[in-house]
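**Q** Before anything else, here's the structure in question.
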Amino acid sequence: MELEAQGNPNMKKFLLILNCILFSIGNCGGPLIMRLYFIHGGKRVWLSSWLETGGWPIIFIPIIITYFHRRATQGSNTKLFFMKPRLFIASTVIGILTGLDDYLYAYGVARLPVSTSSLILASQLAFTAGFAFLLVKQKFTPYSINAVILLTIGAGVLALHTSNDRPNGESMKEYFAGFFMTVGASALYGFVLPLVELTYKKAKQTITYSLVMEIQIVMCLFATLFCTVGMLINKDFKAIPREAREFELGETKYYVVLVWSAIIWQCFFLGAVGIIFCASSLLSGIVIAVLLPVTEILAVIFYREKFQAEKGVALALSLWGFISYFYGEIKESQEKKHTLETEIPQTPNP
C-alpha cells in the first residue's frame, strides 16, 4: 500500500503506532548498545556519532517497496522521489545540526552511565516545548506545562548530585564535560524536533509518509557526512581495525555491535520524524520521557549501574510529568468530543 496518511485517520493511527514502536526500539536500544561499545574498550566518539545516522541506506528498502507499489497501481509514470529543492535544502540544514547533536550525545554517553545520561535527556522535553511554542506555535495546557516543569526539575536534581555516579578511573573534569555535553545534546535536539515540524508546514508540497522517509535519508546523509569529516580529522577509520582486535568481547562482536548500533539508531530517527508527521514534535519529546523508565531499568539490569536516591527522585518526577501530560491530552480530547456533539444540530422527527 502507498504510505499516504493525508485524510485517512485509520492510516495515520497505524503509522503513529508503527513509528512509536520504531522510536521505542531506538530510544531504549540506542544508548544501551552505544554504552556497550564504550565499556568494552571502544574509545572513538566520532565513530559512535557516525553510527547514529550511518544506517540511512536502510531506508531505501521501504522507499523502493512503495515505489513499485505505486507503479503497479498508478502506472509507470510515477516518481521514485518527490522531494523538491526547497525541502532538500531544509533537510540538509537539519541534517548538519543532527550531526553536531550526534557528537554531543556520543561524547556524553562515553563519559556517563546510561541511566544518568537518559535522565538528563528528559530535560529535552522542556527545550522541545519551548522551541515548539516559538517555531510552530504549539498550544499548551496547564497539564503540559506541569509536565515540562516536572521533567526539568528532575534533570536539575541530577545536576546537583552527580559525584557518586562517576565511573571508576574517570576524572571529575571528564565527568562534568560529559554531563554538559549531554545537556547540550538535549537542547539541540529539542530544537531539531520542532524545526522538522516547521519544515513540514513550510514545505509547499504535500507531505506523505514516503516523503517523510526521503527527508530522513537526506537528514541522515548530511549528518553522517558531518561526522565523517570528524572521523577523518581524528583518524578514526585507521584506528577501527586495531580497536576491533583489542575489543574485550572479540573482533567479530566488535563489528556486530557497530552494525546493530547503526540499525537501532535508524529506528530512532525514522520514528522521531514519523511521530512528528503523524502528531507533533512535542509528542516526540513526550515519548522520549515516557520511555525513560524502560531505559533506566534496562541499564540497571544489563550494566549493573547504581541507582541512587537522586535518580529515584528524578525518575518519579519524570513519571509524574508524563502522566500529567497524557491526562491533559485525554481530558482535552473528551472536551472536544463533547463540544462537537453539542454543536451537531438535532434532526427533527418527521
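Letters for chains follow the order of the C-alpha cells (A, B, ...), residue numbers begin at 1 for each chain, and ligand numbers begin at 1 in the order shown.
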Skipping near chain neighbours, those fewer than 4 positions away, what residues fall within 8 Å of Leu319 in chain A using only C-alpha atoms, listed as a PyMOL selection string?

**A** chain A and resi 289-290+293+315+323

**Q** Could you pull the residues within 8 Å of range 260-275 of chain A, counting only C-alpha atoms, minus those fewer than 2 positions along the same chain, as a PyMOL selection string?

**A** chain A and resi 15-16+18-27+29-30+33-34+51-56+58+193+196+209+212-213+216+256-258+277-281+283-284

**Q** Using CA of Thr66 in chain A and CA of Lys79 in chain A as the two end points, give the distance in Å to one decimal.

**A**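 Atom-to-atom, CA of Thr66 in chain A and CA of Lys79 in chain A are spaced 10.6 Å apart.
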
**Q** CA of Tyr254 in chain A and CA of Leu97 in chain A are how many Å apart?

**A**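 Distance reported for this atom pair: 28.1 Å.
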
**Q** Could you state the separation of CA of Lys139 in chain A and CA of Leu119 in chain A in Å, given to one decimal place?

**A** 25.4 Å

**Q** Find the residues around range 325-330 of chain A up to 6 Å (only C-alpha atoms counted), leave out those fewer than 2 positions away in its own chain, and share them as a JSON list (two decimals) with C-alpha atoms, in the first residue's frame.

**A**
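That gives us selection08.json:
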```json
[["chain", "number", "residue", "atom", "x", "y", "z"],
["A", 143, "TYR", "CA", -1.13, 19.78, 32.24],
["A", 144, "SER", "CA", 1.54, 20.03, 29.53],
["A", 147, "ALA", "CA", 4.84, 18.06, 32.69],
["A", 322, "PHE", "CA", 4.27, 12.27, 31.58],
["A", 323, "ILE", "CA", 1.15, 11.10, 33.47],
["A", 332, "GLU", "CA", -8.86, 17.81, 26.18],
["A", 333, "SER", "CA", -9.88, 15.11, 23.69]]
```

**Q** With only C-alpha atoms as the basis for distance, which of A:Val294, A:Ile215, A:Ala187, A:Val287 is at the shortest distance from Asp101 in chain A?

**A**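 Closest candidate: A:Ala187.
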
**Q** From the options A:Ile120, A:Ala244, A:Leu282, A:Leu291, which residue's atoms come nearest to Phe179 in chain A, counting only C-alpha atoms?

**A**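 With only C-alpha atoms as the atom set, the closest residue is A:Ile120.
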
**Q** Please list as a VMD selection string every residue within 12 Å of Pro62 in chain A, counting only C-alpha atoms and excluding residues in the same chain fewer than 5 positions away.

**A** chain A and resid 1 to 3 56 to 57 67 to 69 80 209 to 214 217 270

**Q** Which residues are near range 85-96 of chain A? Cut-off 7 Å, only C-alpha atoms, ignore same chain within fewer than 6 positions. Put them as a list of chain:residue names.

**A**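 Counting only the stated atoms, we get A:Val192, A:Thr199, A:Ala203, A:Ile215, A:Val218, A:Met219, A:Cys220, A:Phe222, A:Ala223, A:Phe226.
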
**Q** For the helix (DSSP H, G or I) assignment from backbone DSSP, which residues of range 109-320 of chain A qualify? Please present them as a PyMOL selection string.

**A** chain A and resi 109-111+114-121+124-136+142-160+163-165+172-201+209-234+236-246+251-278+281-290+292-303+309-320

**Q** Which is closest to Ala299 in chain A among A:Tyr105, A:Pro241, A:Val114, A:Met172, if we use only C-alpha atoms?

**A**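 Using only C-alpha atoms, Ala299 in chain A sits closest to A:Val114.
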
**Q** Can you tell me which residues surround Glu174 in chain A at a distance of at most 10 Å, considering only C-alpha atoms, apart from same-chain residues fewer than 3 positions away, and format the answer as a PyMOL selection string?

**A** chain A and resi 107-108+110-112+166+170-171+177-179
